[in-house]
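The file final_6.txt comes next; it holds compact mmCIF, C-alpha atoms.
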# COMPACT_ATOMS: atom_id res chain seq x y z
CA VAL A 1 -13.07 257.85 -41.44
CA GLY A 2 -10.04 257.89 -39.10
CA ALA A 3 -11.98 255.98 -36.49
CA GLY A 4 -12.98 253.42 -39.05
CA VAL A 5 -9.43 252.98 -40.15
CA ARG A 6 -8.28 252.79 -36.58
CA ALA A 7 -10.90 250.15 -35.86
CA ARG A 8 -9.81 248.07 -38.79
CA VAL A 9 -6.20 248.39 -37.69
CA ASP A 10 -7.11 247.26 -34.17
CA VAL A 11 -8.99 244.34 -35.54
CA GLY A 12 -5.94 243.50 -37.61
CA ARG A 13 -3.85 243.63 -34.49
CA VAL A 14 -6.26 241.32 -32.73
CA HIS A 15 -6.14 238.96 -35.66
CA ALA A 16 -2.38 239.18 -35.67
CA ALA A 17 -2.37 238.42 -31.98
CA VAL A 18 -4.57 235.45 -32.64
CA VAL A 19 -2.29 234.43 -35.47
CA ASP A 20 0.76 235.01 -33.29
CA ALA A 21 -0.84 232.95 -30.56
CA ARG A 22 -1.37 230.17 -33.03
CA VAL A 23 2.23 230.47 -34.07
CA VAL A 24 3.30 230.21 -30.44
CA ASP A 25 0.92 227.35 -29.86
CA ALA A 26 2.22 225.58 -32.95
CA ALA A 27 5.76 225.99 -31.70
CA VAL A 28 4.75 224.51 -28.39
CA ILE A 29 2.96 221.65 -30.09
CA ASP A 30 5.77 221.02 -32.55
CA ALA A 31 8.47 221.13 -29.88
CA PRO A 32 7.73 217.67 -28.41
CA ILE A 33 7.41 216.25 -31.89
CA ASP A 34 10.66 217.77 -33.12
CA ALA A 35 12.60 216.96 -29.95
CA PRO A 36 14.64 213.73 -30.12
CA THR A 37 12.62 212.11 -27.33
CA ASP A 38 12.73 208.81 -29.14
CA ALA A 39 16.53 208.83 -29.52
CA PRO A 40 17.13 206.19 -26.84
CA THR A 41 14.60 203.92 -28.55
CA ASP A 42 16.27 204.43 -31.91
CA ALA A 43 19.67 203.82 -30.36
CA ALA A 44 18.49 200.53 -28.92
CA ILE A 45 17.05 199.51 -32.28
CA ASP A 46 20.11 200.61 -34.26
CA ALA A 47 22.68 199.12 -31.84
CA PRO A 48 24.38 195.91 -33.05
CA THR A 49 22.79 193.79 -30.33
CA ASP A 50 23.62 190.62 -32.25
CA ALA A 51 27.35 191.38 -32.48
CA CYS A 52 29.55 188.69 -30.96
CA VAL A 53 33.02 188.52 -29.53
CA ALA A 54 35.08 186.12 -31.63
CA THR A 55 37.16 183.62 -29.65
CA TRP A 56 39.91 181.09 -30.43
CA THR A 57 38.78 177.45 -30.30
CA ASN A 58 40.93 174.32 -30.67
CA LEU A 59 39.88 171.76 -33.28
CA LEU A 60 42.48 169.04 -32.62
CA GLY A 61 41.70 165.81 -30.89
CA ASN A 62 44.25 164.47 -28.38
CA PRO A 63 46.29 167.70 -28.75
CA ALA A 64 48.93 166.76 -26.15
CA PHE A 65 49.34 163.15 -27.41
CA ASP A 66 48.43 161.94 -23.94
CA GLY A 67 45.20 160.06 -24.70
CA ALA A 68 44.80 156.35 -24.13
CA ALA A 69 44.91 155.94 -27.93
CA LEU A 70 46.82 157.99 -30.49
CA ALA A 71 43.72 158.69 -32.61
CA PRO A 72 42.75 160.94 -34.26
CA TRP A 73 46.46 161.30 -35.05
CA ALA A 74 48.09 158.99 -37.59
CA GLN A 75 51.87 158.39 -37.62
CA SER A 76 54.13 156.84 -40.24
CA THR A 77 56.58 155.48 -37.66
CA THR A 78 56.84 155.66 -33.88
CA ILE A 79 56.75 159.41 -33.35
CA VAL A 80 54.65 159.87 -30.22
CA ARG A 81 56.83 158.62 -27.36
CA PRO A 82 56.89 158.58 -23.56
CA ALA A 83 59.60 160.34 -21.59
CA ALA A 84 61.66 157.14 -21.25
CA GLN A 85 62.16 157.08 -25.04
CA MET A 86 63.08 160.75 -25.38
CA PRO A 87 66.24 162.79 -24.76
CA PHE A 88 64.29 165.05 -22.38
CA ALA A 89 60.92 165.13 -20.62
CA PRO A 90 57.74 166.02 -22.55
CA GLN A 91 56.27 169.45 -22.02
CA SER A 92 53.02 167.73 -21.00
CA THR A 93 53.50 164.26 -19.54
CA PRO A 94 53.49 161.48 -20.36
CA ASN A 95 54.04 161.83 -24.15
CA ALA A 96 55.39 164.15 -26.83
CA ALA A 97 55.97 163.91 -30.60
CA LEU A 98 59.62 163.26 -31.52
CA PHE A 99 60.71 163.59 -35.16
CA GLY A 100 64.19 162.41 -36.18
CA ALA A 101 64.91 159.81 -33.53
CA THR A 102 67.07 157.98 -36.08
CA ASN A 103 69.21 158.80 -39.11
CA ASN A 104 67.52 158.70 -42.53
CA ALA A 105 64.20 159.39 -40.84
CA ASN A 106 61.06 160.40 -42.72
CA ASP A 107 58.60 160.83 -39.87
CA VAL A 108 55.08 162.02 -40.65
CA LEU A 109 52.30 162.81 -38.19
CA THR A 110 48.86 163.91 -39.46
CA GLN A 111 45.38 164.80 -38.30
CA THR A 112 42.39 165.73 -40.47
CA VAL A 113 40.09 168.53 -39.32
CA ALA A 114 37.01 170.25 -40.70
CA ILE A 115 37.23 174.04 -40.58
CA PRO A 116 33.84 175.65 -39.83
CA VAL A 117 32.49 178.14 -42.38
CA THR A 118 32.39 180.77 -39.62
CA ALA A 119 36.18 180.78 -39.18
CA THR A 120 37.86 184.14 -39.71
CA GLY A 121 41.32 183.13 -38.50
CA LEU A 122 43.44 179.99 -38.18
CA ARG A 123 46.62 179.30 -36.24
CA LEU A 124 48.67 176.46 -34.76
CA ARG A 125 49.97 176.92 -31.23
CA GLY A 126 52.06 174.62 -29.10
CA TRP A 127 55.45 173.95 -27.54
CA GLN A 128 58.70 173.03 -29.26
CA CYS A 129 62.14 171.83 -28.17
CA HIS A 130 64.63 170.94 -30.92
CA VAL A 131 68.21 169.78 -30.49
CA THR A 132 70.92 168.82 -32.99
CA THR A 133 74.38 167.32 -33.27
CA ASP A 134 74.49 167.81 -37.06
CA VAL A 135 76.71 170.69 -38.18
CA ALA A 136 76.13 170.20 -41.91
CA PRO A 137 74.05 173.14 -43.18
CA ASP A 138 70.36 172.32 -43.65
CA ALA A 139 70.96 168.57 -43.45
CA ASP A 140 67.83 167.82 -41.42
CA ARG A 141 64.41 169.43 -41.87
CA PHE A 142 61.13 169.92 -39.98
CA ARG A 143 58.10 171.21 -41.83
CA VAL A 144 54.44 171.76 -40.87
CA THR A 145 51.90 172.16 -43.66
CA LEU A 146 48.17 172.48 -44.24
CA GLU A 147 47.07 170.18 -47.05
CA THR A 148 43.98 168.92 -48.82
CA PRO A 149 42.89 165.32 -48.19
CA ALA A 150 44.39 164.59 -51.64
CA GLY A 151 47.81 165.72 -50.44
CA VAL A 152 47.98 169.13 -52.12
CA THR A 153 49.90 171.62 -49.95
CA LEU A 154 47.82 174.74 -49.34
CA GLU A 155 50.39 176.53 -47.22
CA THR A 156 53.42 175.95 -45.03
CA LEU A 157 53.18 177.06 -41.42
CA VAL A 158 56.85 176.50 -40.57
CA ASP A 159 59.92 175.19 -42.38
CA LEU A 160 63.18 174.93 -40.41
CA THR A 161 66.39 172.90 -40.50
CA ASN A 162 69.16 171.90 -38.16
CA SER A 163 70.80 175.23 -39.06
CA ASN A 164 68.05 176.85 -36.93
CA VAL A 165 68.61 174.45 -34.02
CA ALA A 166 71.06 174.59 -31.11
CA ALA A 167 72.95 171.81 -29.36
CA THR A 168 70.71 172.12 -26.31
CA CYS A 169 67.08 173.20 -25.94
CA ALA A 170 64.39 174.25 -23.52
CA TRP A 171 60.65 174.09 -24.15
CA GLN A 172 59.42 177.24 -25.88
CA PRO A 173 55.88 178.22 -26.91
CA PHE A 174 55.14 178.99 -30.55
CA THR A 175 52.29 180.38 -32.62
CA TRP A 176 52.20 179.85 -36.39
CA THR A 177 49.40 181.77 -38.11
CA ALA A 178 47.85 180.64 -41.38
CA LEU A 179 47.59 183.11 -44.25
CA THR A 180 43.85 182.41 -44.63
CA PRO A 181 41.26 180.81 -42.32
CA HIS A 182 40.38 178.09 -44.88
CA ALA A 183 36.74 178.44 -43.82
CA GLY A 184 34.56 175.49 -44.80
CA GLU A 185 37.52 173.37 -45.93
CA GLN A 186 38.65 169.88 -44.93
CA LEU A 187 42.33 170.17 -43.95
CA VAL A 188 45.12 167.79 -43.14
CA LEU A 189 47.62 169.11 -40.61
CA ARG A 190 50.91 167.41 -41.55
CA LEU A 191 54.09 167.49 -39.46
CA ARG A 192 57.16 165.96 -41.12
CA GLY A 193 60.69 165.45 -39.81
CA GLN A 194 63.50 164.30 -42.11
CA THR A 195 67.13 163.54 -41.27
CA ASN A 196 70.22 162.58 -43.24
CA ALA A 197 72.57 159.63 -42.78
CA SER A 198 74.76 161.04 -40.01
CA ALA A 199 74.40 163.02 -36.80
CA LEU A 200 70.94 163.47 -35.35
CA THR A 201 68.54 166.39 -35.17
CA ARG A 202 65.55 165.77 -32.95
CA PHE A 203 62.54 167.98 -33.58
CA VAL A 204 60.10 167.67 -30.68
CA VAL A 205 56.66 169.26 -30.24
CA ASP A 206 53.95 168.90 -27.61
CA THR A 207 50.57 170.28 -26.50
CA LEU A 208 49.37 171.46 -29.91
CA ALA A 209 46.22 173.43 -30.69
CA LEU A 210 44.93 174.12 -34.20
CA GLU A 211 42.64 177.03 -33.42
CA ILE A 212 40.01 178.93 -35.37
CA LEU A 213 38.86 182.44 -34.62
CA ALA A 214 35.07 182.56 -34.82
CA CYS A 215 31.92 183.64 -33.05
CA PRO A 216 30.67 181.02 -30.59

Written as structure tokens, that's how I'd like the structure from this file.
Amino acid sequence: VGAGVRARVDVGRVHAAVVDARVVDAAVIDAPIDAPTDAPTDAAIDAPTDACVATWTNLLGNPAFDGAALAPWAQSTTIVRPAAQMPFAPQSTPNAALFGATNNANDVLTQTVAIPVTATGLRLRGWQCHVTTDVAPDADRFRVTLETPAGVTLETLVDLTNSNVAATCAWQPFTWTALTPHAGEQLVLRLRGQTNASALTRFVVDTLALEILACP
């Protein structure tokens, strides 16, 4: 009887060995399957390969006012002038935009632009050089707005007066950022200079760029 039991036990051990071998073999087989050998492939698939780097792009035509024609700008009076008609040289020769060349001025310069639907940012950059002889507080004003074609003001990019202006000037760069990108909208960029009846304030800008931030 003992031998029979012993035999059955040995057979059980053999079976266990076979089972254990299968377990080992299964582990070996499963290892390549379970290992993240396809991770690089998944990474390539999951990576944002279509992501872009947004860049700033100018939308203005004739941004430095130096074209053979003024278009696409429109001016209410003679605002864009050559150096010979200005108190100082333009930042970019031969022309610059001078607001307030006379007393009681109401000078308006506009350009209409279409903002692409892809725009995520909007700003106006350029150069400015303002000079005044008027000491009366806030007597003369310079304002830049974004408007609808119907003339509704959407936002004001800058609003300054002769109280912000010195008696002499040097060309300085500026960047005025819009509160929203106005994506998909038709906008009118309006620059307006107004003066009173005495003492001049000349607001001068040059080399403008109305830029959108968007993927190319």

Using all atoms listed in the file, which protein or nucleic acid residues come within 12 Å of Gln91 in chain A? Drop anything in the same chain fewer than 4 positions from it, and give the result as a ChimeraX atom specification. /A:64-66,82-83,86,95-98,126-129,170-173,204-208

All residues 10 Å or closer to Pro116 in chain A, all atoms listed in the file, same chain fewer than 6 positions away omitted, as a list of chain:residue names: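 Close residues of Pro116 in chain A: A:Leu59, A:Pro181, A:His182, A:Ala183, A:Gly184, A:Glu185, A:Gln186, A:Ile212, A:Leu213, A:Ala214.
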
Could you write out that same residue set with C-alpha atoms as a PDB file, in the coordinates of the input?
ATOM      1  CA  LEU A  59      39.880 171.760 -33.280  1.00  0.00           C
ATOM      2  CA  PRO A 181      41.260 180.810 -42.320  1.00  0.00           C
ATOM      3  CA  HIS A 182      40.380 178.090 -44.880  1.00  0.00           C
ATOM      4  CA  ALA A 183      36.740 178.440 -43.820  1.00  0.00           C
ATOM      5  CA  GLY A 184      34.560 175.490 -44.800  1.00  0.00           C
ATOM      6  CA  GLU A 185      37.520 173.370 -45.930  1.00  0.00           C
ATOM      7  CA  GLN A 186      38.650 169.880 -44.930  1.00  0.00           C
ATOM      8  CA  ILE A 212      40.010 178.930 -35.370  1.00  0.00           C
ATOM      9  CA  LEU A 213      38.860 182.440 -34.620  1.00  0.00           C
ATOM     10  CA  ALA A 214      35.070 182.560 -34.820  1.00  0.00           C
TER      11      ALA A 214
END

Do you have the CA of Val108 in chain A-CA of Gln75 in chain A distance handy? 5.7 Å

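Distance-wise, CA of Ala178 in chain A and CA of Ile115 in chain A end up 12.5 Å apart.
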
Enter the distance from CA of Thr78 in chain A to CA of Arg123 in chain A, in Å, rounded to one decimal. 25.9 Å

Could you list, as a list of chain:residue names, every residue within 8 Å of Cys169 in chain A, counting all atoms listed in the file and ignoring same-chain residues fewer than 3 positions away?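 After dropping sequence-adjacent residues, the list is A:Cys129, A:His130, A:Val131, A:Ala166.
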
If you count only C-alpha atoms, which residues fall within 9 Å of Thr177 in chain A, apart from same-chain ones fewer than 2 positions away, as a list in words?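 Result of the neighbour search: Gly121, Leu122, Arg123, Leu124, Arg125, Leu157, Thr175, Leu179 and Thr180 of chain A.
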
Arg192 in chain A: which residues within 9 Å, counting only C-alpha atoms, same-chain residues fewer than 3 positions away excluded, as number ranges by chain? A: 99, 106-110, 141-145

Go ahead and write the residues just picked, C-alpha atoms, as a PDB file, keeping the file's coordinate frame.
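Full text of again_8.pdb as output:
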ATOM      1  CA  PHE A  99      60.710 163.590 -35.160  1.00  0.00           C
ATOM      2  CA  ASN A 106      61.060 160.400 -42.720  1.00  0.00           C
ATOM      3  CA  ASP A 107      58.600 160.830 -39.870  1.00  0.00           C
ATOM      4  CA  VAL A 108      55.080 162.020 -40.650  1.00  0.00           C
ATOM      5  CA  LEU A 109      52.300 162.810 -38.190  1.00  0.00           C
ATOM      6  CA  THR A 110      48.860 163.910 -39.460  1.00  0.00           C
ATOM      7  CA  ARG A 141      64.410 169.430 -41.870  1.00  0.00           C
ATOM      8  CA  PHE A 142      61.130 169.920 -39.980  1.00  0.00           C
ATOM      9  CA  ARG A 143      58.100 171.210 -41.830  1.00  0.00           C
ATOM     10  CA  VAL A 144      54.440 171.760 -40.870  1.00  0.00           C
ATOM     11  CA  THR A 145      51.900 172.160 -43.660  1.00  0.00           C
TER      12      THR A 145
END

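Of the residues under consideration (A:Gln194, A:Asn62, A:Leu146, A:Val152), A:Asn62 shows the shortest atom-to-atom contact distance to Ser92 in chain A when counting all atoms listed in the file.
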
Around range 54-60 of chain A, with edges along x, y and z and 3 Å added on all six sides, what centre and edge lengths do you get, in Å to one decimal, as AutoDock Vina command-line options?
--center_x 38.8 --center_y 177.6 --center_z -31.5 --size_x 13.4 --size_y 23.1 --size_z 9.6

In terms of the shortest atom-to-atom distance over all atoms listed in the file, which of A:Ala101, A:Thr112, A:Thr55, A:Phe88 is closest to Ala71 in chain A?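 The closest residue to Ala71 in chain A is A:Thr112.
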
Among listed residues A:Ala167, A:Leu187, A:Leu210, A:Ala54, nearest Thr120 in chain A (using all atoms listed in the file): A:Ala54

For Pro87 in chain A, the nearest of the candidates A:Pro137, A:Ala114, A:Thr132, A:Thr156, counting only C-alpha atoms: A:Thr132

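Among the candidates A:Ala209, A:Leu160, A:Leu191, A:Ala136, the residue lying nearest to Gly61 in chain A is A:Ala209 (atoms considered: all atoms listed in the file).
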
Using all atoms listed in the file, find the one residue out of A:Glu211, A:Ala89, A:Thr133, A:Pro216 that sits nearest to Pro63 in chain A. A:Glu211
